[in-house]
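Trainee: Here you go, structure.txt (compact mmCIF, C-alpha atoms and all ligand atoms):
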# COMPACT_ATOMS: atom_id res chain seq x y z
CA MET A 15 23.23 -5.67 14.23
CA ASN A 16 23.79 -4.52 10.66
CA PHE A 17 22.26 -1.21 9.66
CA SER A 18 23.80 -1.01 6.18
CA LEU A 19 22.02 -1.66 2.93
CA ASN A 20 23.65 -4.13 0.56
CA GLU A 21 24.69 -3.27 -3.00
CA GLU A 22 21.43 -4.47 -4.55
CA GLN A 23 19.35 -2.47 -2.07
CA LEU A 24 21.45 0.65 -2.69
CA ALA A 25 21.01 0.22 -6.45
CA VAL A 26 17.24 -0.14 -6.06
CA GLN A 27 17.17 2.99 -3.89
CA GLU A 28 19.11 4.95 -6.48
CA ALA A 29 16.94 3.73 -9.38
CA ALA A 30 13.69 4.50 -7.54
CA ARG A 31 14.91 7.93 -6.41
CA ASP A 32 16.02 8.80 -9.93
CA PHE A 33 12.72 7.60 -11.43
CA ALA A 34 10.64 9.50 -8.87
CA GLN A 35 12.52 12.77 -9.26
CA ARG A 36 13.07 12.65 -13.02
CA VAL A 37 9.88 10.98 -14.30
CA LEU A 38 7.19 11.34 -11.64
CA LYS A 39 7.86 14.79 -10.23
CA PRO A 40 7.35 16.94 -13.37
CA GLY A 41 3.69 15.99 -13.88
CA VAL A 42 2.59 15.07 -10.37
CA ILE A 43 0.84 18.36 -9.56
CA GLU A 44 -1.23 18.29 -12.76
CA ARG A 45 -2.16 14.62 -12.37
CA ASP A 46 -3.26 15.29 -8.80
CA LYS A 47 -5.28 18.34 -9.84
CA HIS A 48 -7.13 16.60 -12.68
CA MET A 49 -7.25 13.12 -11.11
CA THR A 50 -5.43 11.79 -14.17
CA TYR A 51 -4.50 8.13 -13.94
CA PRO A 52 -0.69 7.78 -14.42
CA THR A 53 -0.90 5.36 -17.36
CA ASP A 54 2.50 6.09 -18.85
CA GLU A 55 4.20 6.30 -15.45
CA VAL A 56 2.81 2.89 -14.39
CA ARG A 57 4.04 1.42 -17.69
CA GLN A 58 7.51 2.78 -16.94
CA MET A 59 7.37 1.40 -13.39
CA ALA A 60 6.59 -1.99 -14.92
CA GLU A 61 9.55 -1.69 -17.30
CA LEU A 62 11.81 -0.95 -14.34
CA GLY A 63 10.53 -4.08 -12.59
CA PHE A 64 8.67 -2.24 -9.82
CA MET A 65 5.33 -4.03 -10.22
CA GLY A 66 6.41 -7.49 -9.12
CA MET A 67 9.58 -6.86 -7.18
CA MET A 68 9.38 -9.76 -4.71
CA VAL A 69 7.93 -12.32 -7.12
CA SER A 70 10.21 -15.16 -8.09
CA PRO A 71 11.90 -14.76 -11.52
CA GLU A 72 10.23 -18.07 -12.41
CA TYR A 73 6.99 -16.07 -12.70
CA GLY A 74 8.52 -12.97 -14.25
CA GLY A 75 9.22 -11.08 -11.02
CA GLY A 76 12.34 -9.40 -9.69
CA GLY A 77 13.09 -12.00 -7.01
CA MET A 78 14.07 -9.26 -4.58
CA ASP A 79 13.75 -9.09 -0.83
CA ALA A 80 11.03 -7.18 1.03
CA LEU A 81 13.57 -4.59 2.20
CA SER A 82 14.42 -3.63 -1.40
CA TYR A 83 10.72 -3.31 -2.13
CA VAL A 84 10.19 -1.08 0.91
CA ILE A 85 13.11 1.12 -0.09
CA ALA A 86 11.75 1.54 -3.62
CA LEU A 87 8.28 2.40 -2.31
CA GLU A 88 9.78 4.90 0.12
CA GLU A 89 11.55 6.80 -2.67
CA ILE A 90 8.51 6.82 -4.96
CA SER A 91 6.28 7.94 -2.08
CA LYS A 92 8.43 11.01 -1.51
CA VAL A 93 6.98 12.28 -4.76
CA ASP A 94 3.89 10.48 -6.09
CA ASN A 95 1.63 8.52 -3.77
CA SER A 96 -0.86 7.61 -6.44
CA CYS A 97 1.91 5.70 -8.20
CA SER A 98 3.12 4.23 -4.92
CA VAL A 99 -0.29 2.87 -3.90
CA ILE A 100 -0.83 1.34 -7.35
CA MET A 101 2.56 -0.33 -6.96
CA SER A 102 1.96 -1.33 -3.35
CA VAL A 103 -1.40 -3.04 -3.93
CA ASN A 104 -0.10 -4.88 -6.98
CA ASN A 105 3.06 -6.09 -5.21
CA SER A 106 2.03 -6.70 -1.61
CA LEU A 107 -1.55 -7.78 -1.89
CA VAL A 108 -2.11 -9.23 -5.33
CA CYS A 109 1.24 -10.70 -6.43
CA TYR A 110 2.24 -11.80 -2.93
CA GLY A 111 -1.16 -13.38 -2.27
CA LEU A 112 -1.08 -15.33 -5.53
CA GLU A 113 2.51 -16.46 -5.18
CA ALA A 114 2.15 -17.53 -1.55
CA TYR A 115 -1.24 -19.25 -1.76
CA GLY A 116 -2.18 -19.73 -5.42
CA THR A 117 -2.13 -22.97 -7.42
CA GLU A 118 0.34 -23.56 -10.25
CA MET A 119 -2.46 -22.89 -12.74
CA GLN A 120 -3.32 -19.58 -11.02
CA LYS A 121 0.32 -18.51 -10.91
CA ASP A 122 0.87 -19.45 -14.51
CA LYS A 123 -2.25 -17.76 -15.79
CA TYR A 124 -2.36 -14.65 -13.60
CA LEU A 125 0.82 -14.07 -11.61
CA ARG A 126 3.10 -13.91 -14.66
CA LYS A 127 1.18 -11.01 -16.18
CA LEU A 128 0.74 -9.23 -12.85
CA ALA A 129 4.40 -9.53 -11.86
CA THR A 130 5.57 -7.93 -15.09
CA GLY A 131 2.95 -5.19 -14.86
CA GLU A 132 1.31 -6.26 -18.11
CA TRP A 133 -1.80 -6.61 -15.95
CA ILE A 134 -2.62 -4.70 -12.77
CA GLY A 135 -4.46 -6.34 -9.89
CA ALA A 136 -6.98 -5.21 -7.28
CA PHE A 137 -7.70 -6.57 -3.80
CA CYS A 138 -11.43 -6.49 -3.10
CA LEU A 139 -12.21 -6.87 0.59
CA SER A 140 -13.92 -3.64 1.73
CA GLU A 141 -17.65 -3.25 1.31
CA PRO A 142 -20.10 -0.42 1.95
CA GLU A 143 -20.85 -1.97 5.37
CA ALA A 144 -17.70 -4.01 5.99
CA GLY A 145 -14.56 -1.89 6.35
CA SER A 146 -12.72 -2.50 9.62
CA ASP A 147 -15.21 -5.26 10.46
CA ALA A 148 -13.96 -7.34 7.58
CA THR A 149 -15.56 -10.64 8.61
CA SER A 150 -19.04 -9.15 7.94
CA GLN A 151 -18.86 -9.79 4.21
CA ARG A 152 -22.16 -9.31 2.37
CA THR A 153 -20.79 -10.30 -1.03
CA ILE A 154 -21.86 -13.88 -1.65
CA ALA A 155 -20.52 -16.69 -3.79
CA VAL A 156 -23.08 -19.44 -4.30
CA ASP A 157 -21.59 -22.89 -4.85
CA MET A 158 -22.94 -24.22 -8.16
CA GLY A 159 -20.81 -27.36 -8.34
CA ASP A 160 -18.03 -26.56 -10.79
CA HIS A 161 -18.32 -22.80 -10.33
CA TYR A 162 -19.50 -20.03 -7.99
CA LEU A 163 -22.04 -17.33 -8.76
CA LEU A 164 -20.62 -14.15 -7.27
CA SER A 165 -22.80 -11.17 -6.31
CA GLY A 166 -22.14 -8.10 -4.20
CA THR A 167 -20.51 -4.69 -4.01
CA LYS A 168 -16.94 -3.78 -3.09
CA ASN A 169 -15.93 -0.28 -2.02
CA TRP A 170 -12.78 1.86 -2.11
CA ILE A 171 -11.00 -0.48 -4.48
CA THR A 172 -7.53 0.76 -5.42
CA ASN A 173 -6.78 -0.04 -9.09
CA GLY A 174 -10.54 -0.52 -9.48
CA GLY A 175 -10.67 0.91 -12.98
CA SER A 176 -7.25 -0.09 -14.30
CA SER A 177 -7.06 -3.68 -13.08
CA SER A 178 -7.50 -6.79 -15.19
CA VAL A 179 -7.70 -9.15 -12.22
CA HIS A 180 -9.59 -8.82 -8.93
CA LEU A 181 -9.03 -10.92 -5.81
CA VAL A 182 -12.54 -10.87 -4.36
CA MET A 183 -13.43 -11.97 -0.83
CA ALA A 184 -16.95 -13.42 -0.63
CA GLN A 185 -19.10 -15.34 1.81
CA THR A 186 -19.92 -18.85 0.60
CA ASP A 187 -21.46 -20.17 3.82
CA ALA A 188 -22.80 -17.54 6.21
CA GLU A 189 -23.33 -20.09 8.99
CA LYS A 190 -19.60 -20.65 9.19
CA GLY A 191 -18.85 -16.94 9.78
CA HIS A 192 -15.32 -16.00 8.72
CA ARG A 193 -14.58 -19.68 8.03
CA GLY A 194 -17.17 -19.52 5.23
CA ILE A 195 -15.31 -16.75 3.34
CA ASN A 196 -13.41 -17.53 0.13
CA CYS A 197 -11.12 -15.50 -2.11
CA LEU A 198 -11.96 -15.79 -5.80
CA ILE A 199 -9.87 -14.64 -8.75
CA VAL A 200 -12.12 -12.67 -11.07
CA GLU A 201 -11.20 -11.24 -14.46
CA ALA A 202 -12.39 -7.68 -14.84
CA ASP A 203 -13.93 -8.22 -18.28
CA TRP A 204 -16.14 -11.14 -17.22
CA GLU A 205 -19.87 -10.73 -17.64
CA GLY A 206 -21.53 -9.24 -14.56
CA VAL A 207 -18.54 -7.11 -13.44
CA THR A 208 -19.37 -3.38 -13.37
CA VAL A 209 -16.90 -0.70 -12.31
CA GLY A 210 -18.44 2.46 -10.79
CA ALA A 211 -17.20 6.03 -11.13
CA LYS A 212 -13.74 7.05 -9.93
CA GLU A 213 -13.82 8.50 -6.41
CA ASP A 214 -12.93 12.19 -6.03
CA LYS A 215 -10.55 12.00 -3.06
CA LEU A 216 -8.67 14.27 -0.65
CA GLY A 217 -5.32 12.68 -1.54
CA ILE A 218 -3.76 10.05 -3.84
CA ARG A 219 -6.10 11.66 -6.34
CA SER A 220 -4.74 10.23 -9.57
CA SER A 221 -4.93 6.63 -8.34
CA ASP A 222 -8.18 5.03 -9.43
CA THR A 223 -10.38 4.14 -6.47
CA HIS A 224 -13.74 2.69 -7.47
CA THR A 225 -16.78 0.81 -6.28
CA ILE A 226 -17.10 -2.51 -8.12
CA MET A 227 -20.37 -4.37 -8.50
CA TYR A 228 -20.56 -8.12 -9.20
CA THR A 229 -23.86 -9.49 -10.50
CA ASP A 230 -24.09 -13.28 -10.89
CA VAL A 231 -20.51 -13.49 -12.09
CA LYS A 232 -19.62 -17.07 -13.01
CA VAL A 233 -16.28 -17.90 -11.36
CA PRO A 234 -14.76 -21.35 -12.00
CA LYS A 235 -13.93 -23.31 -8.83
CA GLU A 236 -10.30 -23.53 -9.97
CA ASN A 237 -10.15 -19.75 -9.36
CA ARG A 238 -10.65 -20.12 -5.62
CA ILE A 239 -7.46 -19.46 -3.65
CA GLY A 240 -6.71 -22.16 -1.09
CA ASP A 241 -9.05 -24.65 0.54
CA ASP A 242 -12.74 -23.95 1.00
CA GLY A 243 -13.12 -21.30 3.73
CA PHE A 244 -9.53 -20.01 3.58
CA GLY A 245 -10.53 -16.56 2.23
CA PHE A 246 -10.53 -14.56 5.46
CA LYS A 247 -7.20 -15.95 6.62
CA PHE A 248 -5.85 -15.32 3.13
CA ALA A 249 -6.94 -11.67 3.41
CA MET A 250 -5.40 -11.28 6.88
CA LYS A 251 -2.11 -12.95 5.97
CA THR A 252 -1.83 -10.90 2.80
CA LEU A 253 -2.73 -7.64 4.53
CA ALA A 254 -0.04 -8.29 7.15
CA GLY A 255 2.54 -7.76 4.40
CA GLY A 256 0.48 -5.03 2.70
CA ARG A 257 0.71 -3.01 5.90
CA ILE A 258 4.50 -2.98 5.63
CA GLY A 259 4.06 -1.49 2.15
CA ILE A 260 1.74 1.25 3.41
CA ALA A 261 4.14 1.89 6.29
CA ALA A 262 6.87 2.39 3.67
CA GLN A 263 4.59 4.76 1.80
CA ALA A 264 4.03 6.78 4.98
CA LEU A 265 7.77 6.81 5.65
CA GLY A 266 8.36 8.16 2.14
CA ILE A 267 5.70 10.86 2.56
CA ALA A 268 7.32 12.02 5.81
CA GLY A 269 10.78 11.88 4.23
CA GLY A 270 9.64 13.83 1.17
CA ALA A 271 8.06 16.52 3.36
CA TYR A 272 11.21 16.71 5.48
CA GLU A 273 13.44 17.10 2.40
CA LEU A 274 11.23 19.89 1.03
CA ALA A 275 11.04 21.68 4.39
CA THR A 276 14.81 21.49 4.91
CA ALA A 277 15.62 22.81 1.44
CA TYR A 278 13.09 25.63 1.73
CA SER A 279 14.24 26.64 5.20
CA LYS A 280 17.84 26.98 4.02
CA GLU A 281 16.81 29.28 1.15
CA ARG A 282 14.12 31.38 2.75
CA GLU A 283 15.37 34.31 4.78
CA ALA A 284 13.56 36.19 7.54
CA PHE A 285 14.86 38.64 10.12
CA GLY A 286 18.21 38.73 8.32
CA LYS A 287 19.05 35.00 8.14
CA PRO A 288 17.79 31.71 6.66
CA ILE A 289 14.77 30.51 8.63
CA SER A 290 16.63 27.23 9.31
CA ARG A 291 18.85 29.31 11.61
CA HIS A 292 15.88 30.25 13.75
CA GLN A 293 15.35 27.83 16.58
CA ALA A 294 11.59 27.72 15.93
CA ILE A 295 12.28 26.10 12.54
CA ALA A 296 15.48 24.21 13.40
CA PHE A 297 13.71 22.36 16.24
CA LYS A 298 10.88 21.36 13.90
CA LEU A 299 13.47 19.86 11.53
CA ALA A 300 15.12 18.05 14.44
CA ASP A 301 11.80 16.56 15.55
CA MET A 302 10.98 15.51 11.99
CA ALA A 303 14.34 13.84 11.41
CA THR A 304 14.18 11.97 14.74
CA ASP A 305 10.67 10.65 14.19
CA ILE A 306 11.43 9.67 10.59
CA GLU A 307 14.51 7.77 11.73
CA ALA A 308 12.45 5.92 14.36
CA ALA A 309 9.75 5.11 11.77
CA LYS A 310 12.42 3.85 9.39
CA MET A 311 13.72 1.42 12.00
CA LEU A 312 10.23 -0.04 12.49
CA VAL A 313 9.48 -0.26 8.76
CA TYR A 314 12.81 -1.74 7.73
CA ARG A 315 12.73 -4.18 10.63
CA ALA A 316 9.26 -5.41 9.68
CA ALA A 317 10.53 -6.00 6.12
CA TRP A 318 13.61 -7.75 7.49
CA LEU A 319 11.45 -10.06 9.63
CA LYS A 320 9.50 -10.98 6.49
CA ASP A 321 12.73 -11.68 4.63
CA GLU A 322 13.96 -13.84 7.51
CA GLY A 323 10.76 -15.90 7.39
CA LYS A 324 9.79 -14.76 10.90
CA ASP A 325 6.40 -13.55 12.07
CA TYR A 326 5.79 -9.94 11.00
CA ASN A 327 2.11 -9.48 11.78
CA GLN A 328 2.61 -7.26 14.82
CA ALA A 329 5.80 -5.64 13.58
CA GLY A 330 4.06 -4.58 10.35
CA ALA A 331 1.10 -3.19 12.31
CA MET A 332 3.46 -1.23 14.58
CA ALA A 333 5.36 0.10 11.58
CA LYS A 334 2.16 1.25 9.87
CA LEU A 335 0.68 2.74 13.03
CA PHE A 336 3.78 4.75 13.83
CA ALA A 337 4.93 5.73 10.33
CA SER A 338 1.45 6.92 9.30
CA SER A 339 1.22 9.08 12.41
CA VAL A 340 4.69 10.52 11.70
CA ALA A 341 3.64 11.22 8.10
CA MET A 342 0.51 13.06 9.19
CA LYS A 343 2.20 15.06 11.95
CA HIS A 344 5.24 16.12 9.98
CA THR A 345 3.56 16.94 6.68
CA VAL A 346 1.52 19.45 8.69
CA GLU A 347 4.78 20.80 10.15
CA ALA A 348 6.40 20.92 6.71
CA VAL A 349 3.53 23.07 5.45
CA GLN A 350 4.05 25.31 8.49
CA VAL A 351 7.77 25.68 7.70
CA HIS A 352 6.82 26.84 4.19
CA GLY A 353 4.37 29.44 5.56
CA GLY A 354 2.02 30.77 2.86
CA TYR A 355 3.96 28.95 0.13
CA GLY A 356 3.13 25.67 1.81
CA PHE A 357 -0.52 26.32 1.22
CA VAL A 358 -0.22 26.49 -2.57
CA LYS A 359 0.07 23.50 -4.86
CA GLU A 360 3.29 24.55 -6.57
CA TYR A 361 5.39 23.72 -3.51
CA HIS A 362 4.37 20.02 -3.25
CA VAL A 363 4.03 19.86 0.55
CA GLU A 364 0.27 20.45 0.67
CA ARG A 365 -0.17 17.40 -1.57
CA LEU A 366 1.97 15.26 0.72
CA MET A 367 -0.13 16.46 3.67
CA ARG A 368 -3.33 15.41 1.87
CA ASP A 369 -1.77 12.08 0.82
CA ALA A 370 -0.61 11.32 4.37
CA LYS A 371 -4.14 10.98 5.74
CA ILE A 372 -5.01 7.84 3.82
CA THR A 373 -2.06 5.95 5.33
CA GLN A 374 -3.91 6.10 8.67
CA ILE A 375 -6.99 4.59 7.04
CA TYR A 376 -6.40 2.03 4.30
CA GLU A 377 -5.15 -1.53 4.74
CA GLY A 378 -6.47 -1.25 8.29
CA THR A 379 -7.05 2.00 10.18
CA SER A 380 -4.72 3.01 13.01
CA GLU A 381 -7.35 1.65 15.38
CA VAL A 382 -7.27 -1.74 13.58
CA GLN A 383 -3.46 -1.77 13.88
CA LYS A 384 -3.87 -1.32 17.64
CA ILE A 385 -6.26 -4.30 17.69
CA VAL A 386 -3.66 -6.41 15.86
CA ILE A 387 -0.81 -5.27 18.13
CA SER A 388 -2.71 -5.62 21.41
CA ARG A 389 -4.18 -9.03 20.55
CA GLY A 390 -0.69 -10.24 19.71
CA LEU A 391 0.59 -8.91 23.02
CA LEU A 392 -2.13 -10.62 25.00
CA LYS A 393 -1.61 -13.90 23.16
CA GLY A 394 2.14 -13.95 23.60
CA ASP A 395 2.39 -12.05 26.91
CA LEU A 396 4.91 -9.36 26.03
CA TYR A 397 6.18 -8.14 22.69
CA VAL A 398 9.73 -9.43 22.53
CA PRO A 399 11.87 -8.01 19.74
CA VAL A 400 13.92 -10.55 17.80
CA GLU A 401 17.54 -10.50 18.90
N1 LIG B 501 -2.96 -14.33 9.88
C1 LIG B 501 -3.70 -15.46 9.90
N2 LIG B 501 -4.93 -15.56 10.48
C2 LIG B 501 -5.40 -14.43 11.04
C3 LIG B 501 -4.70 -13.23 11.07
C4 LIG B 501 -3.44 -13.19 10.45
N3 LIG B 501 -2.68 -12.08 10.41
N4 LIG B 501 -5.46 -12.32 11.70
C5 LIG B 501 -6.60 -12.93 12.07
N5 LIG B 501 -6.55 -14.22 11.66
C6 LIG B 501 -7.57 -15.26 11.90
C7 LIG B 501 -7.83 -15.49 13.37
O1 LIG B 501 -6.91 -16.42 13.92
C8 LIG B 501 -9.23 -16.03 13.34
O2 LIG B 501 -9.23 -17.38 12.96
P1 LIG B 501 -9.77 -18.56 13.95
O3 LIG B 501 -11.14 -18.11 14.42
O4 LIG B 501 -9.78 -19.77 13.08
O5 LIG B 501 -8.79 -18.63 15.06
C9 LIG B 501 -9.87 -15.28 12.20
O6 LIG B 501 -8.81 -14.81 11.37
C10 LIG B 501 -10.71 -14.11 12.63
O7 LIG B 501 -9.87 -13.26 13.36
P2 LIG B 501 -10.42 -12.27 14.47
O8 LIG B 501 -11.35 -13.03 15.39
O9 LIG B 501 -9.26 -11.56 15.08
O10 LIG B 501 -11.34 -11.30 13.59
P3 LIG B 501 -12.06 -9.97 13.94
O11 LIG B 501 -13.42 -10.00 13.37
O12 LIG B 501 -11.93 -9.68 15.42
O13 LIG B 501 -11.23 -8.89 13.08
C11 LIG B 501 -9.45 -7.40 12.48
C12 LIG B 501 -9.90 -8.64 13.27
C13 LIG B 501 -7.95 -7.30 12.75
C14 LIG B 501 -10.14 -6.16 12.98
C15 LIG B 501 -9.71 -7.63 10.96
O14 LIG B 501 -11.09 -7.69 10.66
C16 LIG B 501 -9.08 -6.53 10.12
O15 LIG B 501 -7.89 -6.58 9.82
N6 LIG B 501 -9.88 -5.53 9.70
C17 LIG B 501 -9.40 -4.47 8.80
C18 LIG B 501 -9.53 -4.89 7.37
C19 LIG B 501 -8.61 -4.12 6.47
O16 LIG B 501 -7.42 -3.97 6.74
N7 LIG B 501 -9.15 -3.67 5.37
C20 LIG B 501 -8.36 -3.00 4.38
C21 LIG B 501 -8.98 -3.20 3.06
S1 LIG B 501 -7.85 -3.58 1.80
C22 LIG B 501 -7.23 -2.10 1.26
O17 LIG B 501 -7.33 -1.08 1.89
C23 LIG B 501 -6.49 -2.24 0.01
C24 LIG B 501 -6.41 -1.06 -0.82
O18 LIG B 501 -7.07 -0.99 -1.85
C25 LIG B 501 -5.40 -0.02 -0.48
For this file, produce the structure as structure tokens.

Mentor:
Amino acid sequence: MNFSLNEEQLAVQEAARDFAQRVLKPGVIERDKHMTYPTDEVRQMAELGFMGMMVSPEYGGGGMDALSYVIALEEISKVDNSCSVIMSVNNSLVCYGLEAYGTEMQKDKYLRKLATGEWIGAFCLSEPEAGSDATSQRTIAVDMGDHYLLSGTKNWITNGGSSSVHLVMAQTDAEKGHRGINCLIVEADWEGVTVGAKEDKLGIRSSDTHTIMYTDVKVPKENRIGDDGFGFKFAMKTLAGGRIGIAAQALGIAGGAYELATAYSKEREAFGKPISRHQAIAFKLADMATDIEAAKMLVYRAAWLKDEGKDYNQAGAMAKLFASSVAMKHTVEAVQVHGGYGFVKEYHVERLMRDAKITQIYEGTSEVQKIVISRGLLKGDLYVPVE
């Protein structure tokens, strides 16, 4: 068993850490406060190659492994989770989905621009009445021969306002249930696409989450991903990798909170010594470090399974379930370590605590992860880790 990172992974970690601390940190509190979209920061992430890390160089991507991607997301998520979710959706859901299942035409026309970050993509599955129950799609795509007419409403869409390309799941034949769902590539400036107001959220406040309405949008058939009826499986397969990305985000949030709590506890004195020397605080740090280490093993292993071409559906769900719970639990503890200072924005931990919550909700709630894990267990008897 090899627990070391290779030279490329270490270089990615260093570059992402430097970028997060030097570029993202100075303005993160203000962006969060005013819900300001990080336009310049996303442009710089694109220049550094963070928007299409795993895409083949043939399509303008970085050609890196999933572990490098996870490590980069982890470092960025220690500081700015609006930037990390923009990056995660573009990489794991949009670029991955197109590269793995798109046609040459689709890759040529869309993937190239998405992988370089010239365009940003959105993944449009959730609806006002179809969140966890994702097969109940109300958005419809009527088959008109050489094109579809797309109508419906999508909710909670990350990159909803900034994206040029949407991957939209829609029902084309209700009688077929989930086998009648298709994924269509829609350009944001096509007639009939309307982007609603930006959501005012608890966390990841500067990322742009929107409702998007589609009214009789004409989508050429060549923009359908995969065979007729492949859309739901496409969404599930793509989300399986997306969940590793959100698990990495949660790991970064927990790690960022731990780093802040440790530094503060070494500086802050009470009863004649640094609070880190009081068992009440030292034991909190020990619990944080242990849980973060355990989460890291799950997250890195899920990425490794993906890199090895092995099944990662359950492993990704376990990583997200556990890492998001660690992020929530220990950001609360990190605020507690900071006392009153933890409750004010200047000290960064309250933002990480607010950001942590969404990792238990998006790309499948914790309850959905338990469905994925338990169904896998029942199908294959027992969960057997890869040797
Ligand atoms: N790979 C391939 N196929 C899969 C699959 C996977 N990982 N998971 C399920 N499928 C297939 C099943 O085999 C089945 O196909 P067959 O009938 O042909 O065998 C089909 O999909 C339906 O599967 P289920 O019967 O298991 O479906 P279900 O209705 O019971 O739902 C669920 C299962 C896991 C709850 C699923 O609906 C789900 O994942 N829901 C959550 C959706 C979600 O994660 N939404 C997040 C929105 S995106 C987002 O948040 C992005 C963002 O902007 C940040």

Trainee: With distances taken over only C-alpha atoms, which residue among A:Pro288, A:Lys298, A:Ser82, A:Ser338 lies nearest Ala370 (chain A)?

Mentor: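 For Ala370 (chain A), the nearest of the candidates is A:Ser338.
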
Trainee: Report as a list in words all protein, DNA and RNA residues lying within 10 Å of Ala261 (chain A), evaluated on all atoms listed in the file, omitting residues in the same chain fewer than 6 positions from it.

Mentor: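 Residues near the query, excluding close chain neighbours: Val84, Leu87, Glu88, Gly255, Ile267, Ala309, Lys310, Leu312, Val313, Tyr314, Ala316, Gly330, Ala331, Met332, Ala333, Lys334, Leu335, Phe336, Ala337, Ser338, Ser339, Ala341, Thr373 and Gln374 of chain A.
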
Trainee: Return as an NGL selection string every polymer residue, whether protein, DNA or RNA, with at least one atom no more than 9 Å from an atom of ligand LIG 501 (chain B); count only C-alpha atoms and all ligand atoms.

Mentor: :A and (99-100 or 102-103 or 107 or 136-141 or 144-150 or 169-174 or 192-193 or 223 or 246-254 or 256-257 or 260 or 326-328 or 372-373 or 375-379 or 381-386 or 389)

Trainee: Considering only C-alpha atoms, state which residue in the set A:Pro52, A:Gly175, A:Gly243, A:Gly166 is at the smallest distance from Asn196 (chain A).

Mentor: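 Closest candidate: A:Gly243.
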
Trainee: Using all atoms listed in the file, which residues sit within 8 Å of Glu360 (chain A) once same-chain residues fewer than 2 positions away are excluded, as a PyMOL selection string?

Mentor: chain A and resi 43+358+362

Trainee: In the coordinate frame of the file, compute which residues have an atom within 10 Å of (-5.9, -10.3, -16.8) when using all atoms listed in the file, and state them as a VMD selection string.

Mentor: chain A and resid 123 to 128 132 to 135 177 to 180 199 to 203

Trainee: Can those selected residues be exported to a file as a CSV table (one decimal), in the coordinates of the input so that it contains C-alpha atoms?

Mentor:
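Saved file part-v4.csv follows:
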chain,number,residue,atom,x,y,z
A,123,LYS,CA,-2.2,-17.8,-15.8
A,124,TYR,CA,-2.4,-14.6,-13.6
A,125,LEU,CA,0.8,-14.1,-11.6
A,126,ARG,CA,3.1,-13.9,-14.7
A,127,LYS,CA,1.2,-11.0,-16.2
A,128,LEU,CA,0.7,-9.2,-12.8
A,132,GLU,CA,1.3,-6.3,-18.1
A,133,TRP,CA,-1.8,-6.6,-16.0
A,134,ILE,CA,-2.6,-4.7,-12.8
A,135,GLY,CA,-4.5,-6.3,-9.9
A,177,SER,CA,-7.1,-3.7,-13.1
A,178,SER,CA,-7.5,-6.8,-15.2
A,179,VAL,CA,-7.7,-9.2,-12.2
A,180,HIS,CA,-9.6,-8.8,-8.9
A,199,ILE,CA,-9.9,-14.6,-8.8
A,200,VAL,CA,-12.1,-12.7,-11.1
A,201,GLU,CA,-11.2,-11.2,-14.5
A,202,ALA,CA,-12.4,-7.7,-14.8
A,203,ASP,CA,-13.9,-8.2,-18.3

Trainee: Rank nothing, just name the residue among A:Ala329, A:Gly66, A:Met78, A:Ala29 nearest to Leu391 (chain A), using only C-alpha atoms.

Mentor: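 Looking only at the distances to Leu391 (chain A), the closest residue turns out to be A:Ala329.
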
Trainee: Please determine the residues with any atom at most 6 Å from (-1.0, 9.1, -12.9) (coordinates as given in the file, with all atoms listed in the file counting) and report them as an mmCIF file with C-alpha atoms, keeping the file's coordinate frame.

Mentor:
data_model
loop_
_atom_site.group_PDB
_atom_site.id
_atom_site.type_symbol
_atom_site.label_atom_id
_atom_site.label_comp_id
_atom_site.auth_asym_id
_atom_site.auth_seq_id
_atom_site.Cartn_x
_atom_site.Cartn_y
_atom_site.Cartn_z
ATOM 1 C CA ARG A 45 -2.160 14.620 -12.370
ATOM 2 C CA THR A 50 -5.430 11.790 -14.170
ATOM 3 C CA TYR A 51 -4.500 8.130 -13.940
ATOM 4 C CA PRO A 52 -0.690 7.780 -14.420
ATOM 5 C CA THR A 53 -0.900 5.360 -17.360
ATOM 6 C CA SER A 220 -4.740 10.230 -9.570
#

Trainee: With only C-alpha atoms as the basis for distance, which of A:Gly131, A:Gly194, A:Gly390, A:Pro142 is at the shortest distance from Ile154 (chain A)?

Mentor: A:Gly194

Trainee: When you count all atoms listed in the file, which of these residues is closest to Ala294 (chain A): A:Met49, A:Ser279, A:Thr208, A:Ile90?

Mentor: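 Checking each candidate against Ala294 (chain A), we get A:Ser279 as the closest.
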
Trainee: Which value, in Å to one decimal, gives the distance between CA of Trp318 (chain A) and CA of Ser91 (chain A)?

Mentor: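 Here the two named atoms are 19.8 Å from each other.
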
Trainee: Take CA of Phe17 (chain A) and CA of Met311 (chain A) and report the distance between them in Å, one decimal.

Mentor: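 Here the two named atoms are 9.2 Å from each other.
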
Trainee: What separation in Å, quoted to one decimal, exists between CA of Lys39 (chain A) and CA of Gly354 (chain A)?

Mentor: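 We find that CA of Lys39 (chain A) and CA of Gly354 (chain A) lie 21.5 Å from each other.
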
Trainee: Considering all atoms listed in the file, can you say which of A:Ala155, A:Leu81, A:Gly240, A:Glu283 comes closest to Leu24 (chain A)?

Mentor: A:Leu81

Trainee: Could you pull the residues within 12 Å of Phe297 (chain A), counting all atoms listed in the file, minus those fewer than 6 positions along the same chain, as a PyMOL selection string?

Mentor: chain A and resi 276+279+289-291+303-304+347+351

Trainee: So that I can see what lies close to Gln350 (chain A), please list as a list in words the residues with an atom at most 9 Å from it, counting only C-alpha atoms and leaving out residues fewer than 6 positions away in the same chain.

Mentor: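 Final neighbour list, sorted by chain and number: Ala275, Gly356 and Phe357 of chain A.
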